[in-house]
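Containing TSV, C-alpha atoms: run30.tsv.
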```tsv
chain	number	residue	atom	x	y	z
X	423	GLU	CA	60.61	98.60	110.52
X	424	ALA	CA	63.05	100.62	112.57
X	425	GLY	CA	66.73	100.21	111.88
X	426	VAL	CA	69.58	100.12	114.36
X	427	VAL	CA	69.29	103.12	116.65
X	428	GLN	CA	72.27	104.69	118.36
X	429	SER	CA	72.63	107.57	120.76
X	430	PRO	CA	74.03	110.06	121.21
X	431	ARG	CA	74.96	110.96	117.62
X	432	TYR	CA	77.66	113.32	118.81
X	433	LYS	CA	79.53	113.64	122.07
X	434	ILE	CA	82.31	116.00	123.06
X	435	ILE	CA	84.11	115.41	126.33
X	436	GLU	CA	87.37	116.27	127.98
X	437	LYS	CA	90.00	113.61	128.43
X	438	LYS	CA	89.72	111.46	131.53
X	439	GLN	CA	85.94	111.86	131.54
X	440	PRO	CA	83.65	108.86	131.14
X	441	VAL	CA	81.30	108.40	128.19
X	442	ALA	CA	78.65	105.88	127.25
X	443	PHE	CA	76.98	104.96	123.99
X	444	TRP	CA	73.70	103.16	123.60
X	445	CYS	CA	72.48	100.90	120.85
X	446	ASN	CA	69.09	99.37	120.09
X	447	PRO	CA	69.36	96.67	117.41
X	448	ILE	CA	66.76	95.61	114.90
X	449	SER	CA	64.06	93.56	116.55
X	450	GLY	CA	64.78	89.86	116.38
X	451	HIS	CA	68.48	90.22	115.62
X	452	ASN	CA	70.38	88.01	118.02
X	453	THR	CA	73.83	89.27	117.14
X	454	LEU	CA	75.04	92.73	118.03
X	455	TYR	CA	78.38	94.30	117.15
X	456	TRP	CA	80.28	97.36	118.25
X	457	TYR	CA	82.75	98.68	115.70
X	458	LEU	CA	85.31	101.46	115.96
X	459	GLN	CA	85.84	103.61	112.90
X	460	ASN	CA	88.78	105.99	112.89
X	461	LEU	CA	88.95	108.80	110.39
X	462	GLY	CA	89.86	107.47	106.96
X	463	GLN	CA	89.68	103.84	108.07
X	464	GLY	CA	87.28	100.97	107.80
X	465	PRO	CA	85.31	99.70	110.78
X	466	GLU	CA	87.19	97.49	113.23
X	467	LEU	CA	85.33	95.09	115.47
X	468	LEU	CA	85.45	95.83	119.19
X	469	ILE	CA	82.99	93.26	120.50
X	470	ARG	CA	80.34	90.88	119.26
X	471	TYR	CA	77.38	89.59	121.25
X	472	GLU	CA	75.28	86.51	120.63
X	473	ASN	CA	72.18	87.32	122.64
X	474	GLU	CA	73.62	88.49	125.98
X	475	GLU	CA	76.92	86.64	125.68
X	476	ALA	CA	80.07	88.39	124.46
X	477	VAL	CA	81.54	85.83	122.05
X	478	ASP	CA	84.35	87.94	120.63
X	479	ASP	CA	85.85	90.76	122.65
X	480	SER	CA	89.47	90.19	121.74
X	481	GLN	CA	89.84	93.68	120.27
X	482	LEU	CA	88.19	95.51	123.16
X	483	PRO	CA	90.71	97.47	125.29
X	484	LYS	CA	89.48	96.14	128.57
X	485	ASP	CA	91.43	98.51	130.75
X	486	ARG	CA	89.14	101.38	129.81
X	487	PHE	CA	86.35	99.97	127.65
X	488	SER	CA	83.43	97.93	128.81
X	489	ALA	CA	80.22	96.78	127.22
X	490	GLU	CA	77.07	95.04	128.24
X	491	ARG	CA	73.97	93.69	126.58
X	492	LEU	CA	71.40	93.08	129.25
X	493	LYS	CA	68.51	90.80	128.31
X	494	GLY	CA	70.05	90.28	124.90
X	495	VAL	CA	68.54	93.39	123.33
X	496	ASP	CA	69.95	96.87	123.94
X	497	SER	CA	73.64	97.37	124.47
X	498	THR	CA	75.84	99.99	126.08
X	499	LEU	CA	79.49	100.68	125.35
X	500	LYS	CA	81.40	102.64	127.96
X	501	ILE	CA	84.79	104.30	128.02
X	502	GLN	CA	86.29	105.31	131.34
X	503	PRO	CA	88.46	107.29	131.34
X	504	ALA	CA	88.49	108.59	127.78
X	505	GLU	CA	91.77	109.44	126.08
X	506	LEU	CA	92.50	111.73	123.16
X	507	GLY	CA	93.05	108.73	120.90
X	508	ASP	CA	89.52	107.52	121.51
X	509	SER	CA	88.14	110.21	119.24
X	510	ALA	CA	86.37	108.24	116.54
X	511	VAL	CA	82.98	107.03	115.38
X	512	TYR	CA	81.51	104.11	117.30
X	513	LEU	CA	79.23	102.04	115.12
X	514	CYS	CA	76.69	99.55	116.29
X	515	ALA	CA	75.41	96.82	113.97
X	516	SER	CA	73.11	93.85	114.25
X	517	SER	CA	72.43	90.70	112.28
X	518	LEU	CA	70.30	87.57	112.45
X	519	GLY	CA	73.32	85.35	113.03
X	520	GLY	CA	76.92	85.66	114.06
X	521	GLY	CA	79.05	84.62	111.17
X	522	ALA	CA	79.85	86.29	107.89
X	523	ASN	CA	77.56	83.77	106.25
X	524	THR	CA	74.59	85.57	107.74
X	525	GLY	CA	74.89	87.83	104.76
X	526	GLU	CA	74.25	91.26	106.07
X	527	LEU	CA	75.06	93.50	108.96
X	528	PHE	CA	72.72	96.39	109.57
X	529	PHE	CA	74.50	99.45	110.87
X	530	GLY	CA	73.36	102.38	112.91
X	531	GLU	CA	74.38	105.92	112.04
X	532	GLY	CA	77.15	105.88	114.62
X	533	SER	CA	78.16	107.94	117.62
X	534	ARG	CA	80.92	110.42	116.92
X	535	LEU	CA	83.15	111.01	119.92
X	536	THR	CA	85.50	113.94	120.24
X	537	VAL	CA	87.87	113.95	123.19
X	538	LEU	CA	89.49	117.30	123.98
R	565	ALA	CA	95.41	86.14	108.48
R	566	GLN	CA	92.55	87.54	106.54
R	567	SER	CA	92.85	91.04	105.14
R	568	VAL	CA	91.34	93.38	102.60
R	569	THR	CA	93.17	95.91	100.46
R	570	GLN	CA	91.50	98.77	98.68
R	571	PRO	CA	94.34	100.38	96.70
R	572	ASP	CA	92.49	103.55	95.78
R	573	ILE	CA	91.93	105.97	98.63
R	574	HIS	CA	90.10	108.53	96.52
R	575	ILE	CA	88.53	108.33	93.06
R	576	THR	CA	86.94	111.12	91.08
R	577	VAL	CA	84.67	110.51	88.10
R	578	SER	CA	82.30	112.56	86.00
R	579	GLU	CA	78.60	111.90	86.23
R	580	GLY	CA	77.62	109.35	83.61
R	581	ALA	CA	81.06	107.80	83.43
R	582	SER	CA	81.73	104.20	84.31
R	583	LEU	CA	83.25	103.21	87.64
R	584	GLU	CA	85.42	100.42	88.96
R	585	LEU	CA	86.56	100.23	92.57
R	586	ARG	CA	89.26	97.72	93.33
R	587	CYS	CA	89.33	95.23	96.18
R	588	ASN	CA	91.89	92.52	96.86
R	589	TYR	CA	91.58	90.09	99.72
R	590	SER	CA	93.63	87.52	101.56
R	591	TYR	CA	91.75	84.61	103.08
R	592	GLY	CA	92.71	81.04	103.76
R	593	ALA	CA	89.43	79.41	102.85
R	594	THR	CA	86.43	80.14	100.68
R	595	PRO	CA	85.66	83.79	101.35
R	596	TYR	CA	82.41	85.56	101.73
R	597	LEU	CA	82.78	88.97	100.12
R	598	PHE	CA	80.81	92.15	100.57
R	599	TRP	CA	80.63	95.73	99.42
R	600	TYR	CA	79.17	98.36	101.72
R	601	VAL	CA	78.53	102.04	101.06
R	602	GLN	CA	78.65	104.82	103.63
R	603	SER	CA	77.21	108.24	102.89
R	604	PRO	CA	78.41	111.17	105.01
R	605	GLY	CA	77.10	110.96	108.54
R	606	GLN	CA	75.37	107.66	107.86
R	607	GLY	CA	75.90	104.05	108.76
R	608	LEU	CA	77.08	101.44	106.29
R	609	GLN	CA	74.60	99.91	103.86
R	610	LEU	CA	75.11	96.62	102.06
R	611	LEU	CA	75.41	96.96	98.27
R	612	LEU	CA	75.99	93.32	97.38
R	613	LYS	CA	77.53	90.09	98.57
R	614	TYR	CA	79.15	86.98	97.16
R	615	PHE	CA	78.87	83.59	98.85
R	616	SER	CA	79.14	81.08	96.03
R	617	GLY	CA	77.92	80.32	92.51
R	618	ASP	CA	77.88	82.89	89.76
R	619	THR	CA	80.97	85.03	90.13
R	620	LEU	CA	79.21	88.13	88.81
R	621	VAL	CA	76.81	89.43	91.43
R	622	GLN	CA	74.27	92.16	91.10
R	623	GLY	CA	73.48	94.57	93.88
R	624	ILE	CA	71.35	97.56	94.66
R	625	LYS	CA	71.59	100.93	92.96
R	626	GLY	CA	72.87	99.42	89.72
R	627	PHE	CA	76.14	98.11	91.16
R	628	GLU	CA	77.73	94.79	90.33
R	629	ALA	CA	80.91	93.02	91.40
R	630	GLU	CA	82.94	90.17	90.00
R	631	PHE	CA	84.72	87.57	92.09
R	632	LYS	CA	88.01	86.44	90.55
R	633	ARG	CA	89.56	83.73	92.67
R	634	SER	CA	92.77	83.60	90.62
R	635	GLN	CA	93.37	87.28	91.31
R	636	SER	CA	91.92	87.34	94.83
R	637	SER	CA	89.83	90.26	93.74
R	638	PHE	CA	86.25	91.43	94.11
R	639	ASN	CA	86.01	94.67	92.16
R	640	LEU	CA	82.90	96.82	92.23
R	641	ARG	CA	81.55	98.31	89.02
R	642	LYS	CA	78.82	100.58	87.78
R	643	PRO	CA	78.31	101.46	84.11
R	644	SER	CA	77.06	105.00	84.67
R	645	VAL	CA	77.66	106.91	87.87
R	646	HIS	CA	75.09	109.31	89.33
R	647	TRP	CA	75.92	112.28	91.55
R	648	SER	CA	74.13	110.53	94.42
R	649	ASP	CA	76.74	107.74	94.30
R	650	ALA	CA	79.30	110.02	95.93
R	651	ALA	CA	80.17	108.23	99.18
R	652	GLU	CA	82.73	105.99	100.85
R	653	TYR	CA	82.83	102.39	99.68
R	654	PHE	CA	84.10	99.53	101.80
R	655	CYS	CA	84.99	96.03	100.73
R	656	ALA	CA	84.82	93.30	103.40
R	657	VAL	CA	85.73	89.62	103.67
R	658	GLY	CA	84.68	86.94	106.12
R	659	GLY	CA	84.29	83.22	106.53
R	660	ASN	CA	81.63	80.80	107.62
R	661	THR	CA	81.70	81.81	111.25
R	662	ASP	CA	84.34	84.51	111.16
R	663	LYS	CA	83.85	88.17	111.73
R	664	LEU	CA	83.99	90.56	108.81
R	665	ILE	CA	87.24	92.34	108.03
R	666	PHE	CA	86.80	95.68	106.30
R	667	GLY	CA	89.15	97.49	103.95
R	668	THR	CA	90.16	101.08	104.52
R	669	GLY	CA	87.63	102.36	102.02
R	670	THR	CA	87.59	104.30	98.77
R	671	ARG	CA	86.06	107.75	98.69
R	672	LEU	CA	84.16	108.42	95.48
R	673	GLN	CA	83.68	111.96	94.29
R	674	VAL	CA	81.35	112.66	91.34
R	675	PHE	CA	81.62	115.78	89.23
R	676	PRO	CA	78.59	117.06	87.27
```
What does this structure look like when you write it as structure tokens?
Amino acid sequence: EAGVVQSPRYKIIEKKQPVAFWCNPISGHNTLYWYLQNLGQGPELLIRYENEEAVDDSQLPKDRFSAERLKGVDSTLKIQPAELGDSAVYLCASSLGGGANTGELFFGEGSRLTVL
Amino acid sequence: AQSVTQPDIHITVSEGASLELRCNYSYGATPYLFWYVQSPGQGLQLLLKYFSGDTLVQGIKGFEAEFKRSQSSFNLRKPSVHWSDAAEYFCAVGGNTDKLIFGTGTRLQVFP
């Protein structure tokens, strides 16, 4: 069974440019997460989807970040315009349910963004 | 507010030596506790989890962790480390419907 797939793996852009990351979760997983991982830090939740509904986006900087999960499957995370401080790894994860009691989040390999 | 503290940023051990990675948490209710491992350039993989019951939980790759409520700790252990265990280890805490909060991680280096 395929795991969580993310693309691109690496992206280098200049500041003020837009960038988008794509995530395909494990089949049948209703819950999808986007996490931000800065160098030397643990993942921090940006947004969580239950099917196509964003149920927790309190940590998403909405002035420049947006996300969507059309049809409750694939998801896209966009940054426009990108700033130097956005350089980080963007992790996508999926799970069968939405709470910590679901037991396990399955993570993709991440998309590493470098903003010059 | 819930939080996780991993006091050790970097640990170095010799192959074959025992290992203990520390994790302390702050959570207002019964916590769900997790350990994840992240190899370079990879996503996070679940090692083990604690929900309830036996406070000593076994995980994959020979790892175990012990939940100590009195100390608000969930330390990860392995009796004999292998070179392939070199990675970043993250402790995480969550509740029944809450999101997971991750610690800042401990980087494990293994010398032959």
Interface rows for chain X against chain R: nearest pair, Å to one decimal, 12 Å, all atoms listed in the file, as CSV:
```
residue,atom,partner,partner_atom,distance
X:Gly425,CA,R:Gly607,CA,10.4
X:Val426,CA,R:Gly607,CA,9.3
X:Val427,CA,R:Gly607,CA,10.3
X:Gln428,CA,R:Gly607,CA,10.3
X:Arg431,CA,R:Gly605,CA,9.3
X:Tyr432,CA,R:Gly605,CA,10.6
X:Thr453,CA,R:Lys663,CA,11.4
X:Leu454,CA,R:Lys663,CA,11.8
X:Tyr455,CA,R:Lys663,CA,9.8
X:Trp456,CA,R:Lys663,CA,11.8
X:Tyr457,CA,R:Phe666,CA,10.7
X:Leu458,CA,R:Phe666,CA,11.4
X:Gln459,CA,R:Thr668,CA,9.8
X:Asn460,CA,R:Thr668,CA,9.8
X:Leu461,CA,R:Thr668,CA,9.8
X:Gly462,CA,R:Thr668,CA,6.8
X:Gln463,CA,R:Thr668,CA,4.5
X:Gly464,CA,R:Thr668,CA,4.4
X:Pro465,CA,R:Phe666,CA,6.2
X:Glu466,CA,R:Phe666,CA,7.2
X:Leu467,CA,R:Lys663,CA,8.0
X:Leu468,CA,R:Lys663,CA,10.8
X:Ile469,CA,R:Lys663,CA,10.2
X:Arg470,CA,R:Lys663,CA,8.7
X:Tyr471,CA,R:Lys663,CA,11.6
X:Val477,CA,R:Lys663,CA,10.8
X:Asp478,CA,R:Lys663,CA,8.9
X:Asp479,CA,R:Lys663,CA,11.4
X:Ser480,CA,R:Lys663,CA,11.7
X:Gln481,CA,R:Lys663,CA,11.8
X:Val511,CA,R:Gly605,CA,9.8
X:Tyr512,CA,R:Gly607,CA,10.2
X:Leu513,CA,R:Gly607,CA,7.5
X:Cys514,CA,R:Gly607,CA,8.8
X:Ala515,CA,R:Gly607,CA,8.9
X:Ser516,CA,R:Leu608,CA,11.7
X:Ser517,CA,R:Lys663,CA,11.7
X:Gly519,CA,R:Thr661,CA,9.3
X:Gly520,CA,R:Thr661,CA,6.8
X:Gly521,CA,R:Thr661,CA,3.9
X:Ala522,CA,R:Gly658,CA,5.2
X:Asn523,CA,R:Asn660,CA,5.2
X:Thr524,CA,R:Asn660,CA,8.5
X:Gly525,CA,R:Lys613,CA,7.1
X:Glu526,CA,R:Leu610,CA,6.7
X:Leu527,CA,R:Leu610,CA,7.6
X:Phe528,CA,R:Gln609,CA,7.0
X:Phe529,CA,R:Gly607,CA,5.3
X:Gly530,CA,R:Gly607,CA,5.1
X:Glu531,CA,R:Gly607,CA,4.1
X:Gly532,CA,R:Gly607,CA,6.3
X:Ser533,CA,R:Gly605,CA,9.6
X:Arg534,CA,R:Gly605,CA,9.2
```
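Interatomic distance, atom CA of Ala510 of chain X against atom CA of Lys484 of chain X: 17.3 Å.
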**Study point:** Closest of X:His451, X:Glu474, X:Ile434, X:Trp444 to Gly494 of chain X - atom-to-atom distances counting all atoms listed in the file
**Key:** X:Glu474
Exercise for review: Could you give me, as a VMD selection string, the residues within 12 Å of Ile435 of chain X, counting only C-alpha atoms and dropping anything in the same chain fewer than 3 positions from it?
Suggested key: chain X and resid 432 438 to 442 501 to 506 508 to 509 534 to 538
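Put simply, atom CA of Gly626 of chain R is 10.7 Å away from atom CA of Leu640 of chain R.
Between atom CA of Gln566 of chain R and atom CA of Asn639 of chain R lies a distance of 17.3 Å.
Take the candidates R:Ser567, R:Thr594, R:Gln635, R:Ser644 and check each one against Ser616 of chain R using only C-alpha atoms; the shortest distance goes to R:Thr594.
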Exercise for review: Could you give me, as a PyMOL selection string, the residues that have an atom at most 12 Å away from the point (77.7, 93.6, 90.5) in the coordinates of the file, using only C-alpha atoms?
Suggested key: chain R and resi 583-585+597-599+611-614+618-631+638-643
Enclose all atoms of segment 447-455 of chain X listed in the file in an axis-aligned box, grow every side by 4 Å, and hand back centre and edge lengths in Å to one decimal, as lines of an AutoDock Vina configuration file.
```
center_x = 71.2
center_y = 92.3
center_z = 116.5
size_x = 22.3
size_y = 16.7
size_z = 11.1
```
